[in-house]
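Peer 1: To be precise about what I am sending: the file is called upload-v5.pdb and holds PDB, C-alpha atoms.
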```pdb
ATOM      1  CA  MET A  38     -55.284  12.839  -8.669
ATOM      2  CA  ARG A  39     -52.003  10.950  -8.630
ATOM      3  CA  CYS A  40     -49.617  13.443 -10.141
ATOM      4  CA  PHE A  41     -49.172  16.996  -8.877
ATOM      5  CA  VAL A  42     -46.072  18.960  -9.709
ATOM      6  CA  TYR A  43     -44.965  22.542 -10.072
ATOM      7  CA  ASP A  44     -42.878  23.377 -13.115
ATOM      8  CA  PRO A  45     -40.766  26.385 -12.123
ATOM      9  CA  VAL A  46     -39.413  26.918 -15.650
ATOM     10  CA  ASN A  47     -42.818  27.559 -17.210
ATOM     11  CA  GLN A  48     -44.561  28.415 -13.933
ATOM     12  CA  LEU A  49     -47.213  25.764 -14.441
ATOM     13  CA  ILE A  50     -49.073  23.519 -12.034
ATOM     14  CA  ILE A  51     -49.449  20.121 -13.687
ATOM     15  CA  VAL A  52     -52.009  17.579 -12.519
ATOM     16  CA  GLY A  53     -52.595  14.017 -13.684
ATOM     17  CA  GLY A  54     -54.476  10.902 -12.703
ATOM     18  CA  VAL A  55     -57.332   8.676 -13.731
ATOM     19  CA  THR A  56     -60.954   9.486 -14.425
ATOM     20  CA  ASN A  57     -63.939   7.302 -15.207
ATOM     21  CA  SER A  58     -66.371  10.172 -15.514
ATOM     22  CA  GLU A  59     -68.243  10.678 -18.774
ATOM     23  CA  ASP A  60     -68.066  14.397 -18.060
ATOM     24  CA  PHE A  61     -64.324  14.409 -18.638
ATOM     25  CA  ALA A  62     -63.706  11.412 -20.895
ATOM     26  CA  PRO A  63     -65.743   9.830 -23.695
ATOM     27  CA  ALA A  64     -66.798   6.735 -21.749
ATOM     28  CA  PRO A  65     -67.219   5.702 -18.101
ATOM     29  CA  ASN A  66     -64.149   3.500 -18.006
ATOM     30  CA  ASP A  67     -60.659   4.416 -16.830
ATOM     31  CA  HIS A  68     -58.861   7.120 -18.789
ATOM     32  CA  GLY A  69     -55.589   8.762 -17.877
ATOM     33  CA  TYR A  70     -55.578  12.545 -17.925
ATOM     34  CA  LEU A  71     -53.043  15.333 -17.646
ATOM     35  CA  PHE A  72     -53.523  19.088 -17.579
ATOM     36  CA  ALA A  73     -51.622  22.255 -16.745
ATOM     37  CA  LEU A  74     -52.740  25.506 -15.142
ATOM     38  CA  ASP A  75     -50.774  28.700 -14.821
ATOM     39  CA  LEU A  76     -50.344  30.419 -11.471
ATOM     40  CA  TYR A  77     -53.556  32.405 -12.026
ATOM     41  CA  GLY A  78     -55.562  29.208 -12.525
ATOM     42  CA  ASN A  79     -55.882  29.608 -16.282
ATOM     43  CA  TRP A  80     -56.048  26.453 -18.363
ATOM     44  CA  LYS A  81     -52.896  26.069 -20.459
ATOM     45  CA  TRP A  82     -53.157  22.598 -21.923
ATOM     46  CA  GLY A  83     -54.577  19.191 -21.101
ATOM     47  CA  SER A  84     -56.042  15.993 -22.390
ATOM     48  CA  PHE A  85     -57.409  12.594 -21.545
ATOM     49  CA  PHE A  86     -55.939   9.523 -23.183
ATOM     50  CA  TYR A  87     -57.542   6.531 -24.798
ATOM     51  CA  ASN A  88     -56.852   4.036 -27.495
ATOM     52  CA  VAL A  89     -56.950   6.340 -30.496
ATOM     53  CA  SER A  90     -54.148   8.455 -29.047
ATOM     54  CA  TYR A  91     -51.873   6.998 -26.392
ATOM     55  CA  ALA A  92     -53.298   3.941 -24.654
ATOM     56  CA  VAL A  93     -53.051   5.273 -21.113
ATOM     57  CA  SER A  94     -55.815   4.179 -18.761
ATOM     58  CA  GLU A  95     -54.123   5.567 -15.627
ATOM     59  CA  ILE A  96     -51.449   8.063 -14.775
ATOM     60  CA  ASP A  97     -50.080   6.953 -11.417
ATOM     61  CA  GLY A  98     -47.146   9.250 -10.774
ATOM     62  CA  CYS A  99     -44.850  11.859 -12.212
ATOM     63  CA  SER A 100     -41.629  13.724 -11.608
ATOM     64  CA  LEU A 101     -39.699  16.422 -13.383
ATOM     65  CA  SER A 102     -36.759  15.126 -15.371
ATOM     66  CA  SER A 103     -33.233  15.651 -14.072
ATOM     67  CA  ASP A 104     -32.800  18.973 -15.901
ATOM     68  CA  GLY A 105     -36.375  20.113 -15.204
ATOM     69  CA  SER A 106     -37.178  20.504 -18.891
ATOM     70  CA  SER A 107     -39.812  17.779 -19.161
ATOM     71  CA  LEU A 108     -42.191  15.722 -17.072
ATOM     72  CA  SER A 109     -41.829  11.964 -16.738
ATOM     73  CA  LEU A 110     -44.957   9.942 -16.071
ATOM     74  CA  THR A 111     -45.754   6.395 -15.138
ATOM     75  CA  GLY A 112     -49.060   4.631 -15.504
ATOM     76  CA  LEU A 113     -50.954   1.779 -17.068
ATOM     77  CA  GLY A 114     -52.143   1.097 -20.575
ATOM     78  CA  ASN A 115     -55.224  -1.000 -21.066
TER      79      ASN A 115
ATOM     80  CA  MET B 275     -43.778   8.614 -20.764
ATOM     81  CA  ASP B 276     -42.055  11.937 -21.009
ATOM     82  CA  VAL B 277     -43.923  15.099 -22.024
ATOM     83  CA  LYS B 278     -42.958  18.662 -22.740
ATOM     84  CA  THR B 279     -44.139  20.717 -19.792
ATOM     85  CA  VAL B 280     -44.689  23.773 -21.949
ATOM     86  CA  ASP B 281     -47.488  22.215 -24.048
ATOM     87  CA  GLY B 282     -48.018  18.589 -22.926
ATOM     88  CA  THR B 283     -46.861  17.000 -26.172
ATOM     89  CA  PHE B 284     -45.083  13.673 -25.917
ATOM     90  CA  ASN B 285     -41.321  13.369 -26.160
ATOM     91  CA  ARG B 286     -41.287   9.658 -25.467
ATOM     92  CA  PHE B 287     -43.785   6.841 -24.932
ATOM     93  CA  ILE B 288     -42.414   3.509 -23.747
ATOM     94  CA  SER B 289     -44.562   0.473 -23.040
ATOM     95  CA  LEU B 290     -43.114  -2.376 -20.962
ATOM     96  CA  ASP B 291     -44.472  -5.892 -20.781
ATOM     97  CA  TYR B 292     -43.344  -9.272 -19.543
ATOM     98  CA  ILE B 293     -41.295 -10.990 -22.232
ATOM     99  CA  ASN B 294     -43.270 -14.238 -21.893
ATOM    100  CA  ALA B 295     -46.693 -12.573 -21.859
ATOM    101  CA  SER B 296     -49.223 -14.290 -24.117
ATOM    102  CA  PRO B 297     -53.000 -14.750 -24.311
ATOM    103  CA  ASP B 298     -52.536 -17.540 -21.772
ATOM    104  CA  VAL B 299     -50.038 -15.662 -19.581
ATOM    105  CA  VAL B 300     -51.479 -12.251 -18.729
ATOM    106  CA  PRO B 301     -49.447 -10.376 -16.125
ATOM    107  CA  GLN B 302     -51.235  -8.076 -13.688
ATOM    108  CA  TYR B 303     -49.427  -4.796 -13.120
ATOM    109  CA  SER B 304     -49.752  -2.316 -10.290
ATOM    110  CA  VAL B 305     -48.075   1.059 -10.676
ATOM    111  CA  THR B 306     -47.906   3.483  -7.768
ATOM    112  CA  GLY B 307     -45.785   6.317  -9.073
ATOM    113  CA  ALA B 308     -42.062   5.480  -9.070
ATOM    114  CA  ILE B 309     -40.499   7.191 -12.087
ATOM    115  CA  TYR B 310     -37.364   9.234 -12.664
ATOM    116  CA  TYR B 311     -35.789  10.351 -15.931
ATOM    117  CA  ASP B 312     -32.090  11.114 -15.757
ATOM    118  CA  LYS B 313     -31.277  12.909 -18.978
ATOM    119  CA  ARG B 314     -27.519  12.736 -18.569
ATOM    120  CA  ASP B 315     -25.972   9.895 -16.636
ATOM    121  CA  TYR B 316     -22.915  10.793 -14.573
ATOM    122  CA  ARG B 317     -20.838   7.998 -16.153
ATOM    123  CA  ASP B 318     -21.747   7.677 -19.827
ATOM    124  CA  TYR B 319     -23.786  10.896 -20.305
ATOM    125  CA  LEU B 320     -26.708   8.885 -21.761
ATOM    126  CA  PRO B 321     -30.373   9.263 -20.756
ATOM    127  CA  TYR B 322     -32.052   6.614 -18.608
ATOM    128  CA  PHE B 323     -35.519   6.060 -17.185
ATOM    129  CA  TYR B 324     -35.715   4.476 -13.726
ATOM    130  CA  THR B 325     -38.973   2.926 -12.614
ATOM    131  CA  ALA B 326     -40.415   0.362 -10.235
ATOM    132  CA  PHE B 327     -43.754  -1.437 -10.154
ATOM    133  CA  LEU B 328     -45.488  -4.649  -9.181
ATOM    134  CA  LYS B 329     -46.041  -7.487 -11.609
ATOM    135  CA  ASP B 330     -48.258 -10.252 -10.234
ATOM    136  CA  ASN B 331     -47.625  -8.779  -6.771
ATOM    137  CA  THR B 332     -43.849  -9.018  -7.116
ATOM    138  CA  MET B 333     -41.875  -5.760  -7.055
ATOM    139  CA  TYR B 334     -39.386  -4.891  -9.786
ATOM    140  CA  LEU B 335     -36.893  -2.064 -10.096
ATOM    141  CA  LEU B 336     -35.414  -1.425 -13.505
ATOM    142  CA  ARG B 337     -33.503   1.007 -15.663
ATOM    143  CA  VAL B 338     -34.388   1.650 -19.303
ATOM    144  CA  ALA B 339     -31.753   3.106 -21.627
ATOM    145  CA  ASP B 340     -33.380   5.797 -23.741
ATOM    146  CA  GLY B 341     -31.629   6.191 -27.050
ATOM    147  CA  ASP B 342     -31.924   5.072 -30.634
ATOM    148  CA  GLN B 343     -32.435   1.597 -29.242
ATOM    149  CA  ILE B 344     -34.595   1.409 -26.123
ATOM    150  CA  LEU B 345     -33.627  -1.483 -23.882
ATOM    151  CA  VAL B 346     -33.882  -2.577 -20.279
ATOM    152  CA  ASP B 347     -30.383  -1.920 -18.978
ATOM    153  CA  TRP B 348     -30.813  -3.754 -15.670
ATOM    154  CA  ASN B 349     -33.730  -5.235 -13.791
ATOM    155  CA  TYR B 350     -34.116  -6.521 -10.255
ATOM    156  CA  GLN B 351     -36.848  -8.562  -8.653
ATOM    157  CA  PHE B 352     -37.436  -8.048  -4.943
ATOM    158  CA  VAL B 353     -37.457 -10.988  -2.574
ATOM    159  CA  GLU B 354     -40.826 -12.666  -2.130
ATOM    160  CA  TYR B 355     -41.830 -14.379   1.064
ATOM    161  CA  SER B 356     -43.223 -17.873   1.275
ATOM    162  CA  ALA B 357     -46.917 -18.560   1.848
ATOM    163  CA  THR B 358     -46.037 -19.863   5.309
ATOM    164  CA  GLU B 359     -44.226 -16.655   6.206
ATOM    165  CA  ILE B 360     -47.080 -14.508   4.878
ATOM    166  CA  THR B 361     -49.640 -16.547   6.796
ATOM    167  CA  ALA B 362     -47.654 -15.800   9.950
ATOM    168  CA  ASN B 363     -47.344 -12.086   9.085
ATOM    169  CA  LYS B 364     -49.587 -10.793   6.301
ATOM    170  CA  LEU B 365     -47.727  -7.469   6.212
ATOM    171  CA  LEU B 366     -44.744  -9.156   4.541
ATOM    172  CA  GLU B 367     -46.511  -9.107   1.178
ATOM    173  CA  LYS B 368     -47.510  -5.413   1.364
ATOM    174  CA  LYS B 369     -45.367  -3.332  -0.968
ATOM    175  CA  GLU B 370     -45.525  -0.179  -3.079
ATOM    176  CA  ALA B 371     -42.966   1.676  -5.186
ATOM    177  CA  THR B 372     -44.135   5.255  -4.805
ATOM    178  CA  PHE B 373     -41.217   7.593  -5.572
ATOM    179  CA  ILE B 374     -37.801   7.542  -7.172
ATOM    180  CA  LEU B 375     -35.773  10.569  -6.118
ATOM    181  CA  ALA B 376     -32.392  11.909  -7.101
ATOM    182  CA  ASP B 377     -29.800  12.565  -4.452
ATOM    183  CA  PRO B 378     -29.140  16.308  -4.817
ATOM    184  CA  LYS B 379     -25.505  15.912  -3.767
ATOM    185  CA  GLN B 380     -24.482  12.515  -5.080
ATOM    186  CA  PRO B 381     -25.109  11.885  -8.815
ATOM    187  CA  SER B 382     -24.385   8.158  -8.557
ATOM    188  CA  ALA B 383     -27.304   7.353  -6.233
ATOM    189  CA  LEU B 384     -31.089   7.367  -6.262
ATOM    190  CA  TYR B 385     -33.731   6.690  -3.630
ATOM    191  CA  LEU B 386     -36.595   4.246  -4.046
ATOM    192  CA  ILE B 387     -39.278   5.267  -1.566
ATOM    193  CA  GLY B 388     -42.477   3.437  -0.719
ATOM    194  CA  ARG B 389     -43.381   0.320   1.181
ATOM    195  CA  TYR B 390     -41.638  -3.015   1.526
ATOM    196  CA  ARG B 391     -42.359  -5.865   3.965
ATOM    197  CA  GLY B 392     -45.360  -3.818   5.113
ATOM    198  CA  LEU B 393     -43.218  -0.949   6.371
ATOM    199  CA  GLY B 394     -42.541   2.491   5.008
ATOM    200  CA  SER B 395     -39.159   2.163   3.329
ATOM    201  CA  VAL B 396     -36.403   4.275   1.840
ATOM    202  CA  ILE B 397     -33.853   2.385  -0.253
ATOM    203  CA  ARG B 398     -30.741   4.118  -1.529
ATOM    204  CA  PHE B 399     -29.322   2.381  -4.586
ATOM    205  CA  ASN B 400     -26.612   2.846  -7.184
ATOM    206  CA  LYS B 401     -27.669   4.077 -10.608
ATOM    207  CA  ARG B 402     -24.925   2.059 -12.241
ATOM    208  CA  ASP B 403     -26.269  -1.378 -11.422
ATOM    209  CA  GLY B 404     -29.165  -1.051  -8.986
ATOM    210  CA  THR B 405     -27.200  -2.407  -6.035
ATOM    211  CA  VAL B 406     -28.553  -1.312  -2.675
ATOM    212  CA  ARG B 407     -26.400   0.933  -0.488
ATOM    213  CA  TRP B 408     -28.782   0.934   2.441
ATOM    214  CA  HIS B 409     -32.417   0.316   3.295
ATOM    215  CA  ALA B 410     -34.207   2.218   6.057
ATOM    216  CA  GLN B 411     -37.605   1.008   7.171
ATOM    217  CA  PHE B 412     -40.081   2.603   9.543
ATOM    218  CA  THR B 413     -41.948   0.435  11.996
ATOM    219  CA  LYS B 414     -44.360   3.315  12.674
ATOM    220  CA  MET B 415     -45.049   4.411   9.113
ATOM    221  CA  SER B 416     -47.105   2.105   6.911
ATOM    222  CA  HIS B 417     -47.302   4.267   3.779
ATOM    223  CA  ILE B 418     -45.161   7.139   2.534
ATOM    224  CA  ASN B 419     -47.389   9.633   0.751
ATOM    225  CA  SER B 420     -45.071  12.560   0.101
ATOM    226  CA  VAL B 421     -41.373  13.443   0.105
ATOM    227  CA  SER B 422     -39.405  16.675  -0.050
ATOM    228  CA  GLN B 423     -35.773  17.630  -0.484
ATOM    229  CA  ALA B 424     -33.848  20.881  -0.745
ATOM    230  CA  ASN B 425     -31.062  21.596  -3.216
ATOM    231  CA  ASN B 426     -27.585  20.682  -1.990
ATOM    232  CA  ASP B 427     -28.961  19.227   1.202
ATOM    233  CA  ASP B 428     -28.401  15.902   2.954
ATOM    234  CA  ASP B 429     -31.902  15.486   4.309
ATOM    235  CA  ILE B 430     -35.049  13.849   3.021
ATOM    236  CA  PHE B 431     -38.365  14.706   4.647
ATOM    237  CA  ILE B 432     -41.089  12.121   4.309
ATOM    238  CA  CYS B 433     -44.644  11.938   5.492
ATOM    239  CA  GLY B 434     -47.337   9.319   5.482
ATOM    240  CA  ASP B 435     -49.508   7.296   7.769
ATOM    241  CA  TYR B 436     -49.253   4.489  10.275
ATOM    242  CA  GLN B 437     -51.918   1.824  10.622
ATOM    243  CA  PRO B 438     -51.048   0.283  14.001
ATOM    244  CA  ASN B 439     -53.691  -2.465  13.874
ATOM    245  CA  GLU B 440     -53.138  -3.502  10.273
ATOM    246  CA  LEU B 441     -52.383  -7.098  11.222
ATOM    247  CA  THR B 442     -55.894  -7.526  12.592
ATOM    248  CA  ASP B 443     -57.790  -4.954  10.497
ATOM    249  CA  THR B 444     -60.067  -6.511   7.907
ATOM    250  CA  GLU B 445     -60.032  -5.380   4.285
ATOM    251  CA  PRO B 446     -61.664  -3.435   2.721
ATOM    252  CA  TYR B 447     -60.685  -0.845   5.304
ATOM    253  CA  ASP B 448     -63.486   1.372   6.548
ATOM    254  CA  SER B 449     -63.809   4.389   8.822
ATOM    255  CA  LYS B 450     -63.204   2.329  11.943
ATOM    256  CA  VAL B 451     -59.596   1.626  11.013
ATOM    257  CA  LEU B 452     -57.105   3.646  13.002
ATOM    258  CA  TYR B 453     -54.514   5.743  11.176
ATOM    259  CA  ARG B 454     -51.927   8.099  12.609
ATOM    260  CA  ALA B 455     -50.127  10.757  10.594
ATOM    261  CA  SER B 456     -46.348  10.373  10.563
ATOM    262  CA  VAL B 457     -43.557  12.724   9.561
ATOM    263  CA  ALA B 458     -39.851  11.881   9.558
ATOM    264  CA  ARG B 459     -36.497  13.325   8.597
ATOM    265  CA  LEU B 460     -33.586  11.200   7.509
ATOM    266  CA  LYS B 461     -30.119  11.863   6.211
ATOM    267  CA  ASP B 462     -28.396  10.508   3.137
ATOM    268  CA  ASP B 463     -26.660   7.834   5.227
ATOM    269  CA  GLY B 464     -30.028   6.395   6.309
ATOM    270  CA  ASP B 465     -29.888   7.805   9.814
ATOM    271  CA  VAL B 466     -33.354   8.925  10.925
ATOM    272  CA  SER B 467     -33.032  12.235  12.774
ATOM    273  CA  TRP B 468     -36.575  12.121  14.080
ATOM    274  CA  ILE B 469     -40.038  10.734  13.470
ATOM    275  CA  ILE B 470     -43.232  12.130  14.905
ATOM    276  CA  SER B 471     -46.742  10.770  15.016
ATOM    277  CA  ALA B 472     -49.921  12.812  15.229
ATOM    278  CA  SER B 473     -53.570  12.009  15.815
ATOM    279  CA  GLY B 474     -56.695  14.106  15.991
ATOM    280  CA  ARG B 475     -59.041  13.891  18.914
ATOM    281  CA  ASN B 476     -62.374  14.454  17.216
ATOM    282  CA  PRO B 477     -63.471  11.150  15.714
ATOM    283  CA  LEU B 478     -66.802  11.087  13.963
ATOM    284  CA  ASN B 479     -69.827   9.542  15.615
ATOM    285  CA  ASP B 480     -72.460   7.865  13.493
ATOM    286  CA  GLY B 481     -75.533   6.264  15.072
ATOM    287  CA  GLY B 482     -73.664   5.490  18.244
ATOM    288  CA  VAL B 483     -70.691   3.999  16.400
ATOM    289  CA  THR B 484     -67.522   5.876  17.222
ATOM    290  CA  TYR B 485     -65.191   6.047  14.286
ATOM    291  CA  ASN B 486     -61.461   5.890  14.795
ATOM    292  CA  ASP B 487     -59.048   8.706  14.182
ATOM    293  CA  GLN B 488     -57.921   8.603  10.583
ATOM    294  CA  ASP B 489     -55.044  11.012  10.313
ATOM    295  CA  LYS B 490     -52.756  10.806   7.310
ATOM    296  CA  CYS B 491     -50.043  13.160   6.204
ATOM    297  CA  MET B 492     -50.558  13.559   2.455
ATOM    298  CA  ALA B 493     -48.124  16.311   1.454
ATOM    299  CA  ILE B 494     -44.895  17.782   2.756
ATOM    300  CA  SER B 495     -42.664  20.553   1.478
ATOM    301  CA  TYR B 496     -39.287  21.514   2.876
ATOM    302  CA  TYR B 497     -37.778  24.891   2.134
ATOM    303  CA  LYS B 498     -34.277  25.465   3.363
ATOM    304  CA  GLU B 499     -33.670  29.122   4.130
ATOM    305  CA  LYS B 500     -30.498  30.681   2.841
ATOM    306  CA  GLU B 501     -27.835  30.680   5.499
TER     307      GLU B 501
END
```
Show this structure as structure tokens.
Peer 2:
Amino acid sequence: MRCFVYDPVNQLIIVGGVTNSEDFAPAPNDHGYLFALDLYGNWKWGSFFYNVSYAVSEIDGCSLSSDGSSLSLTGLGN
Amino acid sequence: MDVKTVDGTFNRFISLDYINASPDVVPQYSVTGAIYYDKRDYRDYLPYFYTAFLKDNTMYLLRVADGDQILVDWNYQFVEYSATEITANKLLEKKEATFILADPKQPSALYLIGRYRGLGSVIRFNKRDGTVRWHAQFTKMSHINSVSQANNDDDIFICGDYQPNELTDTEPYDSKVLYRASVARLKDDGDVSWIISASGRNPLNDGGVTYNDQDKCMAISYYKEKE
């Protein structure tokens, strides 16, 4: 886990990072992932990334944008 | 990347690469988290991404103008040390760009927080052109793992770890390497109000081998009560 942020506007906990588990991604190589839970722990949205969507092999950090309306992420594509 | 927090869909996806990259010149990138998206610049009201990363073990700080035409607005390369200097002090080549933070009171400045010259570092720089206003470095904090600020406040709280024997520790680091947790408070002029160090006193014991204390501060949150 390399990204952990609370979005006060939508009251979501957003988590991101890298996984190489076949349980969470289609193959055992690095895939970036990002998901959001509400304050009761319910899944709201989330995904892993690979080359048929966005080529993101790692998410390495995040921060809310200056007005708090979106989440900016940095990572690697491979 | 920039995503809508409400549903995770992408607003923007920007890929950066070295302009002279080719099949024969393949840069190696290391990204450790420094990203900030300013949606309305204080001078020209345009949106800019600020980020920092390592390319081939050299650190770069840059600003990307986000508009109809995406372009790198400015870009700085950090000073590298010579092989002779690094042989004398291997910590000089240790660097990480971990956070970029807004100054809650001064819209013209940002903080680049991470590690430079082997020391935990906080660099305050101008958004306009990336020039450095000041650079604070911590001799007793090797990595900065978390930061916290309050609205309309002068202070930054940082926490991380200190590896006092890093010069002689052998990589890859194992459970015998000593770490101490560190927490510090500094003001927006770079003055460090205080720094504390903490260690546990219950190291593990495995087959007669006593492991070292490995205390790291991984998260900090500062809440300023209403006065």
Peer 1: Within 6 Å of chain B, which residues of chain A are there when counting all atoms listed in the file? Please give them as a ChimeraX atom specification.
Peer 2: /A:97-98,102-103,107-110
Peer 1: Apply the PyMOL selection byres ((chain A and resi 80-82) around 9) to the structure shown and report the selected residues as number ranges by chain.
Peer 2: A: 49, 71-75, 78-79, 83-84; B: 280-282
Peer 1: Report the residues retrieved by the PyMOL selection byres ((chain B and resi 429) around 7) from the displayed file, expressed as a list in words.
Peer 2: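 When the PyMOL selection byres ((chain B and resi 429) around 7) is applied to the shown file, the picked residues are Gln423, Asp427, Asp428, Ile430, Phe431, Arg459, Leu460, Lys461 and Asp462 of chain B.
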Peer 1: What would the selection look like, as a list in words, if the PyMOL selection byres ((chain B and resi 337) around 7) were run on the coordinates I just shared?
Peer 2: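 Written out, the selection comes to Tyr322, Phe323, Tyr324, Thr325, Leu336, Val338, Ala339, Val346, Asp347, Trp348 and Asn349 of chain B.
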Peer 1: Write the residues you've just listed into a file as a short mmCIF file (atom, residue, chain, number, x, y, z; two decimals), in the frame of the given file, and include C-alpha atoms for each of them.
Peer 2:
```cif
data_model
loop_
_atom_site.label_atom_id
_atom_site.label_comp_id
_atom_site.auth_asym_id
_atom_site.auth_seq_id
_atom_site.Cartn_x
_atom_site.Cartn_y
_atom_site.Cartn_z
CA TYR B 322 -32.05 6.61 -18.61
CA PHE B 323 -35.52 6.06 -17.18
CA TYR B 324 -35.72 4.48 -13.73
CA THR B 325 -38.97 2.93 -12.61
CA LEU B 336 -35.41 -1.42 -13.50
CA VAL B 338 -34.39 1.65 -19.30
CA ALA B 339 -31.75 3.11 -21.63
CA VAL B 346 -33.88 -2.58 -20.28
CA ASP B 347 -30.38 -1.92 -18.98
CA TRP B 348 -30.81 -3.75 -15.67
CA ASN B 349 -33.73 -5.24 -13.79
#
```
Peer 1: Between A:Tyr87, A:Phe61, A:Tyr43, A:Tyr70, which is the closest to A:Thr111 once you count only C-alpha atoms?
Peer 2: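 Looking at the shortest contact to A:Thr111, the residue is A:Tyr70.
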Peer 1: Using all atoms listed in the file, which of the listed residues (B:Glu354, B:Asn419, B:Asp340, B:Gln411) sits closest to A:Cys40?
Peer 2: B:Asn419
Peer 1: Might you pull out every residue within 12 Å of B:Ser356, with all atoms listed in the file counted and same-chain residues fewer than 6 positions away left off, and present them as a list in words?
Peer 2: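 Selected residues are Ala362, Asn363, Lys364, Leu366 and Glu367 of chain B.
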Peer 1: Find the distance between atom CA of B:Val457 and atom CA of B:Pro438 and write it in Å to one decimal.
Peer 2: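 Those two atoms sit 15.2 Å apart.
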Peer 1: Starting from 3 Å padding per side, set up an axis-aligned box that covers all listed atoms of stretch 398-410 of chain B and hand over centre and edge lengths in Å, one decimal, as JSON.
Peer 2:
```
{"center_x": -29.6, "center_y": 0.9, "center_z": -3.1, "size_x": 15.3, "size_y": 12.5, "size_z": 24.3}
```
Peer 1: What's the 10 Å shell around B:Pro301, counting all atoms listed in the file, without same-chain residues fewer than 2 positions away, as an mmCIF file with C-alpha atoms, in the coordinates of the input?
Peer 2:
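Result file is result08.cif:
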```cif
data_model
loop_
_atom_site.group_PDB
_atom_site.id
_atom_site.type_symbol
_atom_site.label_atom_id
_atom_site.label_comp_id
_atom_site.auth_asym_id
_atom_site.auth_seq_id
_atom_site.Cartn_x
_atom_site.Cartn_y
_atom_site.Cartn_z
ATOM 1 C CA ASP B 291 -44.472 -5.892 -20.781
ATOM 2 C CA TYR B 292 -43.344 -9.272 -19.543
ATOM 3 C CA ASN B 294 -43.270 -14.238 -21.893
ATOM 4 C CA ALA B 295 -46.693 -12.573 -21.859
ATOM 5 C CA SER B 296 -49.223 -14.290 -24.117
ATOM 6 C CA PRO B 297 -53.000 -14.750 -24.311
ATOM 7 C CA ASP B 298 -52.536 -17.540 -21.772
ATOM 8 C CA VAL B 299 -50.038 -15.662 -19.581
ATOM 9 C CA TYR B 303 -49.427 -4.796 -13.120
ATOM 10 C CA SER B 304 -49.752 -2.316 -10.290
ATOM 11 C CA LEU B 328 -45.488 -4.649 -9.181
ATOM 12 C CA LYS B 329 -46.041 -7.487 -11.609
ATOM 13 C CA ASP B 330 -48.258 -10.252 -10.234
ATOM 14 C CA ASN B 331 -47.625 -8.779 -6.771
#
```
Peer 1: Taking 2 positions as the minimum chain separation for residues in the same chain, which residues sit within 6 Å of stretch 397-403 of chain B when counting all atoms listed in the file? Answer as a list in words.
Peer 2: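 Listed by chain and then number, they are Ser382, Ala383, Leu384, Tyr385, Leu386, Thr405, Val406, Arg407, Trp408 and His409 of chain B.
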Peer 1: Neighbourhood query: residues within 9 Å of (-37.4, 24.3, 2.0), file coordinates, counting all atoms listed in the file; return as a PDB file with C-alpha atoms, in the frame of the given file.
Peer 2:
```pdb
ATOM      1  CA  SER B 422     -39.405  16.675  -0.050  1.00  0.00           C
ATOM      2  CA  GLN B 423     -35.773  17.630  -0.484  1.00  0.00           C
ATOM      3  CA  ALA B 424     -33.848  20.881  -0.745  1.00  0.00           C
ATOM      4  CA  ASN B 425     -31.062  21.596  -3.216  1.00  0.00           C
ATOM      5  CA  SER B 495     -42.664  20.553   1.478  1.00  0.00           C
ATOM      6  CA  TYR B 496     -39.287  21.514   2.876  1.00  0.00           C
ATOM      7  CA  TYR B 497     -37.778  24.891   2.134  1.00  0.00           C
ATOM      8  CA  LYS B 498     -34.277  25.465   3.363  1.00  0.00           C
ATOM      9  CA  GLU B 499     -33.670  29.122   4.130  1.00  0.00           C
TER      10      GLU B 499
END
```
Peer 1: Which neighbours of B:Ile432 fall inside 6 Å, counting only C-alpha atoms, when residues of the same chain fewer than 4 positions from it are skipped, and could you give them as a count of residues only?
Peer 2: 4
Peer 1: Just the number, please: distance in Å from atom CA of A:Glu59 to atom CA of A:Phe41, one decimal.
Peer 2: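 It comes out at 22.4 Å.
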Peer 1: Tell me which of B:Ser416, B:Asn439, B:Ser467, B:Thr361 sits closest to B:Gly388, counting only C-alpha atoms.
Peer 2: B:Ser416
